[in-house]
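Text of the file query_21.cif, holding mmCIF, N, CA and C atoms:
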```
data_entry
#
loop_
_atom_site.label_atom_id
_atom_site.label_comp_id
_atom_site.auth_asym_id
_atom_site.auth_seq_id
_atom_site.Cartn_x
_atom_site.Cartn_y
_atom_site.Cartn_z
N MET A 255 -27.94 92.70 56.43
CA MET A 255 -27.01 91.60 56.55
C MET A 255 -26.17 91.52 55.27
N PRO A 256 -24.87 91.44 55.38
CA PRO A 256 -24.00 91.41 54.19
C PRO A 256 -24.28 90.19 53.31
N VAL A 257 -24.04 90.38 52.04
CA VAL A 257 -24.17 89.30 51.07
C VAL A 257 -22.98 88.36 51.24
N VAL A 258 -23.24 87.06 51.14
CA VAL A 258 -22.18 86.06 51.19
C VAL A 258 -22.27 85.24 49.90
N MET A 259 -21.14 85.07 49.23
CA MET A 259 -21.11 84.22 48.04
C MET A 259 -19.70 83.70 47.84
N SER A 260 -19.58 82.70 47.01
CA SER A 260 -18.28 82.11 46.75
C SER A 260 -17.40 83.07 45.97
N ASP A 261 -16.10 82.84 46.05
CA ASP A 261 -15.15 83.65 45.27
C ASP A 261 -15.46 83.54 43.78
N LYS A 262 -15.78 82.33 43.33
CA LYS A 262 -16.07 82.11 41.91
C LYS A 262 -17.30 82.91 41.47
N ALA A 263 -18.36 82.89 42.27
CA ALA A 263 -19.57 83.64 41.93
C ALA A 263 -19.29 85.14 41.90
N PHE A 264 -18.49 85.62 42.85
CA PHE A 264 -18.13 87.04 42.88
C PHE A 264 -17.33 87.40 41.62
N ASP A 265 -16.35 86.55 41.27
CA ASP A 265 -15.54 86.80 40.07
C ASP A 265 -16.41 86.86 38.82
N GLU A 266 -17.46 86.04 38.78
CA GLU A 266 -18.38 86.07 37.63
C GLU A 266 -19.13 87.39 37.57
N LEU A 267 -19.47 87.96 38.73
CA LEU A 267 -20.13 89.27 38.74
C LEU A 267 -19.19 90.37 38.24
N VAL A 268 -17.91 90.27 38.59
CA VAL A 268 -16.92 91.23 38.09
C VAL A 268 -16.80 91.08 36.57
N SER A 269 -16.74 89.85 36.10
CA SER A 269 -16.68 89.59 34.66
C SER A 269 -17.92 90.14 33.96
N ASP A 270 -19.09 89.94 34.56
CA ASP A 270 -20.33 90.48 33.98
C ASP A 270 -20.26 92.00 33.89
N ALA A 271 -19.72 92.64 34.92
CA ALA A 271 -19.59 94.11 34.91
C ALA A 271 -18.67 94.56 33.79
N LEU A 272 -17.57 93.84 33.61
CA LEU A 272 -16.63 94.19 32.53
C LEU A 272 -17.29 94.01 31.17
N ASP A 273 -18.17 93.03 31.04
CA ASP A 273 -18.86 92.79 29.78
C ASP A 273 -19.83 93.90 29.40
N THR A 274 -20.22 94.75 30.37
CA THR A 274 -21.16 95.84 30.07
C THR A 274 -20.46 97.08 29.52
N ILE A 275 -19.14 97.08 29.54
CA ILE A 275 -18.39 98.25 29.07
C ILE A 275 -18.41 98.24 27.54
N PRO A 276 -18.77 99.35 26.92
CA PRO A 276 -18.81 99.40 25.45
C PRO A 276 -17.46 99.07 24.83
N LYS A 277 -17.51 98.41 23.68
CA LYS A 277 -16.31 97.97 22.98
C LYS A 277 -15.36 99.12 22.69
N GLU A 278 -15.88 100.30 22.39
CA GLU A 278 -15.03 101.45 22.11
C GLU A 278 -14.13 101.77 23.30
N LEU A 279 -14.66 101.60 24.50
CA LEU A 279 -13.86 101.84 25.70
C LEU A 279 -12.90 100.69 25.97
N THR A 280 -13.38 99.46 25.87
CA THR A 280 -12.48 98.34 26.15
C THR A 280 -11.33 98.31 25.16
N ASP A 281 -11.58 98.73 23.93
CA ASP A 281 -10.49 98.79 22.94
C ASP A 281 -9.45 99.84 23.31
N ALA A 282 -9.86 100.86 24.06
CA ALA A 282 -8.94 101.95 24.44
C ALA A 282 -8.18 101.66 25.73
N ILE A 283 -8.64 100.68 26.50
CA ILE A 283 -7.94 100.32 27.74
C ILE A 283 -6.60 99.72 27.36
N ASP A 284 -5.54 100.22 27.99
CA ASP A 284 -4.20 99.81 27.60
C ASP A 284 -3.35 99.46 28.81
N ASN A 285 -2.80 98.24 28.81
CA ASN A 285 -1.84 97.81 29.82
C ASN A 285 -2.44 97.83 31.24
N VAL A 286 -3.58 97.14 31.39
CA VAL A 286 -4.28 97.10 32.68
C VAL A 286 -4.63 95.65 33.03
N VAL A 287 -4.46 95.31 34.29
CA VAL A 287 -4.85 94.02 34.82
C VAL A 287 -5.95 94.26 35.85
N ILE A 288 -7.00 93.46 35.80
CA ILE A 288 -8.07 93.53 36.78
C ILE A 288 -7.86 92.40 37.79
N LEU A 289 -7.80 92.76 39.07
CA LEU A 289 -7.60 91.79 40.14
C LEU A 289 -8.78 91.83 41.10
N VAL A 290 -9.05 90.71 41.74
CA VAL A 290 -10.02 90.67 42.83
C VAL A 290 -9.27 90.17 44.06
N GLU A 291 -9.36 90.95 45.13
CA GLU A 291 -8.71 90.62 46.40
C GLU A 291 -9.75 90.67 47.50
N PRO A 292 -9.50 90.00 48.62
CA PRO A 292 -10.48 90.06 49.72
C PRO A 292 -10.73 91.49 50.21
N ASN A 293 -9.67 92.22 50.52
CA ASN A 293 -9.80 93.61 50.97
C ASN A 293 -8.45 94.29 50.87
N ASN A 294 -8.46 95.60 51.05
CA ASN A 294 -7.23 96.37 51.05
C ASN A 294 -6.75 96.42 52.50
N PRO A 295 -5.57 95.85 52.80
CA PRO A 295 -5.12 95.80 54.19
C PRO A 295 -4.92 97.17 54.83
N GLU A 296 -4.59 98.18 54.03
CA GLU A 296 -4.36 99.52 54.57
C GLU A 296 -5.67 100.30 54.75
N SER A 297 -6.64 100.04 53.88
CA SER A 297 -7.94 100.73 53.93
C SER A 297 -9.03 99.69 53.67
N PRO A 298 -9.38 98.91 54.69
CA PRO A 298 -10.27 97.77 54.47
C PRO A 298 -11.68 98.11 53.99
N HIS A 299 -12.06 99.38 54.01
CA HIS A 299 -13.41 99.75 53.61
C HIS A 299 -13.51 100.26 52.17
N ILE A 300 -12.36 100.42 51.48
CA ILE A 300 -12.47 100.87 50.09
C ILE A 300 -12.93 99.71 49.22
N LEU A 301 -13.68 100.03 48.19
CA LEU A 301 -14.30 99.02 47.34
C LEU A 301 -13.44 98.64 46.15
N GLY A 302 -12.61 99.57 45.70
CA GLY A 302 -11.74 99.32 44.55
C GLY A 302 -10.60 100.32 44.54
N LEU A 303 -9.59 100.00 43.74
CA LEU A 303 -8.41 100.88 43.68
C LEU A 303 -7.75 100.75 42.31
N TYR A 304 -7.47 101.91 41.71
CA TYR A 304 -6.69 101.96 40.47
C TYR A 304 -5.28 102.38 40.83
N SER A 305 -4.31 101.65 40.35
CA SER A 305 -2.90 102.00 40.54
C SER A 305 -2.22 101.98 39.18
N GLY A 306 -1.60 103.08 38.83
CA GLY A 306 -0.90 103.12 37.56
C GLY A 306 -0.79 104.53 37.02
N VAL A 307 -0.55 104.60 35.72
CA VAL A 307 -0.41 105.88 35.02
C VAL A 307 -1.62 106.03 34.10
N ALA A 308 -2.48 106.99 34.42
CA ALA A 308 -3.69 107.21 33.61
C ALA A 308 -3.31 107.50 32.16
N LEU A 309 -4.19 107.13 31.25
CA LEU A 309 -3.92 107.37 29.83
C LEU A 309 -3.64 108.83 29.54
N THR A 310 -4.30 109.73 30.24
CA THR A 310 -4.11 111.16 30.01
C THR A 310 -2.77 111.67 30.52
N SER A 311 -2.07 110.86 31.32
CA SER A 311 -0.77 111.27 31.85
C SER A 311 0.40 110.59 31.14
N ARG A 312 0.08 109.73 30.20
CA ARG A 312 1.15 109.04 29.48
C ARG A 312 1.64 109.92 28.33
N ASP A 313 2.95 109.92 28.15
CA ASP A 313 3.51 110.69 27.04
C ASP A 313 4.44 109.79 26.24
N HIS A 314 5.27 110.38 25.42
CA HIS A 314 6.14 109.61 24.54
C HIS A 314 7.17 108.77 25.31
N ASP A 315 7.41 109.09 26.57
CA ASP A 315 8.36 108.32 27.38
C ASP A 315 7.73 107.11 28.05
N TYR A 316 6.40 106.97 27.93
CA TYR A 316 5.74 105.84 28.57
C TYR A 316 6.09 104.55 27.82
N GLY A 317 6.61 103.61 28.53
CA GLY A 317 6.94 102.32 27.94
C GLY A 317 7.75 101.50 28.92
N GLY A 318 7.61 100.21 28.84
CA GLY A 318 8.35 99.32 29.71
C GLY A 318 7.82 99.25 31.12
N PHE A 319 6.63 99.81 31.35
CA PHE A 319 6.03 99.78 32.68
C PHE A 319 5.28 98.48 32.89
N LEU A 320 5.22 98.03 34.15
CA LEU A 320 4.34 96.93 34.49
C LEU A 320 2.90 97.39 34.25
N PRO A 321 1.99 96.46 34.05
CA PRO A 321 0.60 96.88 33.82
C PRO A 321 0.03 97.66 35.01
N ASP A 322 -0.86 98.59 34.69
CA ASP A 322 -1.66 99.23 35.73
C ASP A 322 -2.53 98.14 36.35
N THR A 323 -3.00 98.39 37.55
CA THR A 323 -3.90 97.43 38.18
C THR A 323 -5.19 98.11 38.63
N ILE A 324 -6.26 97.40 38.43
CA ILE A 324 -7.54 97.76 39.02
C ILE A 324 -7.86 96.61 39.96
N THR A 325 -7.97 96.92 41.24
CA THR A 325 -8.27 95.89 42.22
C THR A 325 -9.67 96.12 42.76
N ILE A 326 -10.46 95.07 42.72
CA ILE A 326 -11.82 95.08 43.25
C ILE A 326 -11.79 94.29 44.56
N TYR A 327 -12.34 94.89 45.62
CA TYR A 327 -12.23 94.28 46.95
C TYR A 327 -13.54 93.57 47.33
N ARG A 328 -13.48 92.26 47.25
CA ARG A 328 -14.63 91.38 47.44
C ARG A 328 -15.32 91.57 48.80
N GLU A 329 -14.58 91.44 49.89
CA GLU A 329 -15.20 91.49 51.22
C GLU A 329 -15.81 92.87 51.50
N ALA A 330 -15.12 93.92 51.10
CA ALA A 330 -15.65 95.27 51.32
C ALA A 330 -16.96 95.47 50.56
N LEU A 331 -17.01 94.99 49.32
CA LEU A 331 -18.24 95.12 48.54
C LEU A 331 -19.36 94.28 49.13
N MET A 332 -19.07 93.05 49.51
CA MET A 332 -20.12 92.21 50.09
C MET A 332 -20.62 92.79 51.41
N ASP A 333 -19.74 93.43 52.18
CA ASP A 333 -20.13 94.02 53.46
C ASP A 333 -21.12 95.18 53.33
N VAL A 334 -21.06 95.91 52.22
CA VAL A 334 -21.94 97.08 52.06
C VAL A 334 -23.24 96.76 51.35
N CYS A 335 -23.43 95.51 50.96
CA CYS A 335 -24.62 95.13 50.20
C CYS A 335 -25.49 94.15 50.98
N ASP A 336 -26.81 94.33 50.84
CA ASP A 336 -27.77 93.46 51.52
C ASP A 336 -28.36 92.40 50.60
N THR A 337 -28.28 92.63 49.29
CA THR A 337 -28.85 91.69 48.34
C THR A 337 -27.85 91.44 47.21
N GLU A 338 -28.03 90.32 46.51
CA GLU A 338 -27.16 90.04 45.38
C GLU A 338 -27.34 91.07 44.27
N GLU A 339 -28.56 91.56 44.09
CA GLU A 339 -28.79 92.59 43.06
C GLU A 339 -28.05 93.89 43.42
N GLN A 340 -28.07 94.26 44.68
CA GLN A 340 -27.33 95.44 45.11
C GLN A 340 -25.83 95.22 44.91
N LEU A 341 -25.35 94.02 45.21
CA LEU A 341 -23.94 93.71 45.02
C LEU A 341 -23.57 93.80 43.55
N ARG A 342 -24.41 93.25 42.69
CA ARG A 342 -24.15 93.33 41.23
C ARG A 342 -24.01 94.80 40.80
N HIS A 343 -24.91 95.65 41.30
CA HIS A 343 -24.87 97.08 40.97
C HIS A 343 -23.59 97.73 41.49
N GLU A 344 -23.24 97.47 42.75
CA GLU A 344 -22.06 98.09 43.35
C GLU A 344 -20.77 97.62 42.67
N ILE A 345 -20.72 96.37 42.27
CA ILE A 345 -19.54 95.89 41.54
C ILE A 345 -19.43 96.64 40.22
N ARG A 346 -20.53 96.79 39.50
CA ARG A 346 -20.49 97.50 38.21
C ARG A 346 -20.03 98.94 38.40
N VAL A 347 -20.60 99.61 39.39
CA VAL A 347 -20.22 101.01 39.65
C VAL A 347 -18.73 101.08 40.01
N THR A 348 -18.26 100.16 40.84
CA THR A 348 -16.85 100.17 41.26
C THR A 348 -15.93 99.90 40.08
N VAL A 349 -16.27 98.94 39.24
CA VAL A 349 -15.46 98.64 38.06
C VAL A 349 -15.41 99.87 37.15
N LEU A 350 -16.57 100.47 36.87
CA LEU A 350 -16.59 101.66 36.00
C LEU A 350 -15.80 102.81 36.62
N HIS A 351 -15.92 102.98 37.93
CA HIS A 351 -15.20 104.04 38.64
C HIS A 351 -13.69 103.88 38.44
N GLU A 352 -13.18 102.67 38.67
CA GLU A 352 -11.74 102.45 38.57
C GLU A 352 -11.26 102.53 37.12
N ILE A 353 -12.05 102.07 36.18
CA ILE A 353 -11.69 102.23 34.77
C ILE A 353 -11.70 103.70 34.40
N GLY A 354 -12.62 104.45 34.98
CA GLY A 354 -12.63 105.90 34.76
C GLY A 354 -11.31 106.54 35.17
N HIS A 355 -10.75 106.09 36.29
CA HIS A 355 -9.43 106.60 36.70
C HIS A 355 -8.37 106.26 35.67
N HIS A 356 -8.44 105.09 35.07
CA HIS A 356 -7.49 104.71 34.02
C HIS A 356 -7.55 105.71 32.86
N PHE A 357 -8.75 106.21 32.58
CA PHE A 357 -8.92 107.20 31.51
C PHE A 357 -8.65 108.63 31.98
N GLY A 358 -8.23 108.78 33.25
CA GLY A 358 -7.86 110.10 33.75
C GLY A 358 -9.02 110.90 34.31
N ILE A 359 -10.15 110.27 34.57
CA ILE A 359 -11.31 110.97 35.11
C ILE A 359 -11.19 111.03 36.63
N ASP A 360 -11.34 112.23 37.19
CA ASP A 360 -11.18 112.39 38.64
C ASP A 360 -12.46 112.01 39.39
N ASP A 361 -12.34 111.89 40.71
CA ASP A 361 -13.46 111.45 41.54
C ASP A 361 -14.68 112.36 41.41
N HIS A 362 -14.46 113.67 41.32
CA HIS A 362 -15.58 114.60 41.23
C HIS A 362 -16.41 114.32 39.97
N ARG A 363 -15.74 114.18 38.85
CA ARG A 363 -16.45 113.90 37.59
C ARG A 363 -17.10 112.52 37.62
N LEU A 364 -16.42 111.53 38.20
CA LEU A 364 -17.00 110.20 38.31
C LEU A 364 -18.28 110.24 39.16
N HIS A 365 -18.25 111.05 40.20
CA HIS A 365 -19.44 111.21 41.04
C HIS A 365 -20.58 111.83 40.22
N ASP A 366 -20.26 112.86 39.42
CA ASP A 366 -21.27 113.49 38.56
C ASP A 366 -21.87 112.48 37.58
N LEU A 367 -21.06 111.53 37.13
CA LEU A 367 -21.52 110.52 36.18
C LEU A 367 -22.29 109.38 36.85
N GLY A 368 -22.30 109.37 38.19
CA GLY A 368 -22.97 108.31 38.93
C GLY A 368 -22.11 107.09 39.14
N TRP A 369 -20.81 107.24 39.00
CA TRP A 369 -19.87 106.12 39.15
C TRP A 369 -19.02 106.30 40.40
N ALA A 370 -19.60 106.84 41.46
CA ALA A 370 -18.82 107.07 42.68
C ALA A 370 -19.33 106.23 43.81
#
```
Take the structure in the file and write it out as structure tokens.
Amino acid sequence: MPVVMSDKAFDELVSDALDTIPKELTDAIDNVVILVEPNNPESPHILGLYSGVALTSRDHDYGGFLPDTITIYREALMDVCDTEEQLRHEIRVTVLHEIGHHFGIDDHRLHDLGWA
């Protein structure tokens, strides 16, 4: 049975996941906004999405861009989890996965790292 919780409680779990990221990495994150949405209307089963220009793809011409976005999809994550502990874990993995894309890490490597 899917986990059900308030938007506020879910947002706190996302915040908790962000708090587990080492300071060295958070200091390197540049021009990114983290959003929480109910689901992705085009792909309702995806758990998160990074949109932007990865740090490894930015060059001297990068500037004046809107922030990259990392979107975490609340309903999709709650649908795949049976317990709050499982949801906490899946949120952390999803947040790390999408931040990994910001650093230019591809899905294959993220999977090897256990962040897929």
### Message
Can you pull out every residue from region 277-339 of chain A that DSSP, working from the backbone, puts in alpha helix (DSSP H), and format the result as a VMD selection string?
### Response
chain A and resid 277 to 282 328 to 333 338 to 339
### Message
I'd like the residues picked by the PyMOL selection byres (((chain A and resi 280-282 and name CA) around 12) and name CA) written out as JSON, numbers by chain, using the chain letters and numbers from the file.
### Response
{"A": [272, 273, 274, 275, 276, 277, 278, 279, 283, 284, 285, 286, 308, 309, 310, 350, 353, 354, 356, 357]}
### Task
Find the residues around Thr325 (chain A) up to 7 Å (all atoms listed in the file counted), leave out those fewer than 2 positions away in its own chain, and share them as a PyMOL selection string.
chain A and resi 287-291+301-305+323+327
### Using only C-alpha atoms: which of A:Ile300, A:Leu367, A:Val349, A:Ile359 has the shortest distance to Asp270 (chain A)
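Answer, going by the shortest atom-to-atom distance: A:Val349.
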### Query
Hey, what comes out of the PyMOL selection byres ((chain A and resi 258-268) around 8) on this file? Could you write it as a list of chain:residue names?
A:Met255, A:Pro256, A:Val257, A:Ser269, A:Asp270, A:Ala271, A:Leu272, A:Asp273, A:Thr274, A:Val290, A:Arg328, A:Met332, A:Asp333, A:Cys335, A:Asp336, A:Thr337, A:Glu338, A:Leu341, A:Arg342, A:Ile345, A:Arg346, A:Val349
Store the residues picked out above in a file with N, CA and C atoms, as a compact mmCIF listing (two decimals), in the coordinates of the input.
```txt
# COMPACT_ATOMS: atom_id res chain seq x y z
N MET A 255 -27.94 92.70 56.43
CA MET A 255 -27.01 91.60 56.55
C MET A 255 -26.17 91.52 55.27
N PRO A 256 -24.87 91.44 55.38
CA PRO A 256 -24.00 91.41 54.19
C PRO A 256 -24.28 90.19 53.31
N VAL A 257 -24.04 90.38 52.04
CA VAL A 257 -24.17 89.30 51.07
C VAL A 257 -22.98 88.36 51.24
N SER A 269 -16.74 89.85 36.10
CA SER A 269 -16.68 89.59 34.66
C SER A 269 -17.92 90.14 33.96
N ASP A 270 -19.09 89.94 34.56
CA ASP A 270 -20.33 90.48 33.98
C ASP A 270 -20.26 92.00 33.89
N ALA A 271 -19.72 92.64 34.92
CA ALA A 271 -19.59 94.11 34.91
C ALA A 271 -18.67 94.56 33.79
N LEU A 272 -17.57 93.84 33.61
CA LEU A 272 -16.63 94.19 32.53
C LEU A 272 -17.29 94.01 31.17
N ASP A 273 -18.17 93.03 31.04
CA ASP A 273 -18.86 92.79 29.78
C ASP A 273 -19.83 93.90 29.40
N THR A 274 -20.22 94.75 30.37
CA THR A 274 -21.16 95.84 30.07
C THR A 274 -20.46 97.08 29.52
N VAL A 290 -9.05 90.71 41.74
CA VAL A 290 -10.02 90.67 42.83
C VAL A 290 -9.27 90.17 44.06
N ARG A 328 -13.48 92.26 47.25
CA ARG A 328 -14.63 91.38 47.44
C ARG A 328 -15.32 91.57 48.80
N MET A 332 -19.07 93.05 49.51
CA MET A 332 -20.12 92.21 50.09
C MET A 332 -20.62 92.79 51.41
N ASP A 333 -19.74 93.43 52.18
CA ASP A 333 -20.13 94.02 53.46
C ASP A 333 -21.12 95.18 53.33
N CYS A 335 -23.43 95.51 50.96
CA CYS A 335 -24.62 95.13 50.20
C CYS A 335 -25.49 94.15 50.98
N ASP A 336 -26.81 94.33 50.84
CA ASP A 336 -27.77 93.46 51.52
C ASP A 336 -28.36 92.40 50.60
N THR A 337 -28.28 92.63 49.29
CA THR A 337 -28.85 91.69 48.34
C THR A 337 -27.85 91.44 47.21
N GLU A 338 -28.03 90.32 46.51
CA GLU A 338 -27.16 90.04 45.38
C GLU A 338 -27.34 91.07 44.27
N LEU A 341 -25.35 94.02 45.21
CA LEU A 341 -23.94 93.71 45.02
C LEU A 341 -23.57 93.80 43.55
N ARG A 342 -24.41 93.25 42.69
CA ARG A 342 -24.15 93.33 41.23
C ARG A 342 -24.01 94.80 40.80
N ILE A 345 -20.72 96.37 42.27
CA ILE A 345 -19.54 95.89 41.54
C ILE A 345 -19.43 96.64 40.22
N ARG A 346 -20.53 96.79 39.50
CA ARG A 346 -20.49 97.50 38.21
C ARG A 346 -20.03 98.94 38.40
N VAL A 349 -16.27 98.94 39.24
CA VAL A 349 -15.46 98.64 38.06
C VAL A 349 -15.41 99.87 37.15
```
### Task
Enumerate the residues of chain A with a DSSP assignment of strand (DSSP E), computed from the backbone, and present them as a list in words.
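Filtering chain A down to strand (DSSP E) leaves Val286, Val287, Ile288, Leu289, Val290, Glu291, Gly302, Leu303, Tyr304, Ser305, Asp322, Thr323, Ile324, Thr325, Ile326 and Tyr327 of chain A.
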### Interatomic distance (Å, one decimal) between atom N of Asp360 (chain A) and CA of Glu339 (chain A)
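Interatomic distance, atom N of Asp360 (chain A) to CA of Glu339 (chain A): 26.9 Å.
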### Query
What is the atom C of Gly358 (chain A) to atom N of Val334 (chain A) distance in Å?
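According to the coordinates, atom C of Gly358 (chain A) and atom N of Val334 (chain A) are separated by 26.3 Å.
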### Query
In Å to one decimal, how far is atom N of Pro295 (chain A) from atom C of Glu329 (chain A)?
10.7 Å
### Expansion of the PyMOL selection byres (((chain A and resi 368 and name CA) around 12) and name CA) into residues, as a ChimeraX atom specification
/A:343-344,346-348,350-351,354,361-367,369-370
Step by step, gather every atom of region 257-269 of chain A that the file lists, find the box along x, y and z that holds them, add 8 Å on each side, and finally give centre and edge lengths in Å to one decimal, as AutoDock Vina command-line options.
```
--center_x -19.7 --center_y 86.7 --center_z 43.0 --size_x 25.0 --size_y 25.1 --size_z 34.1
```
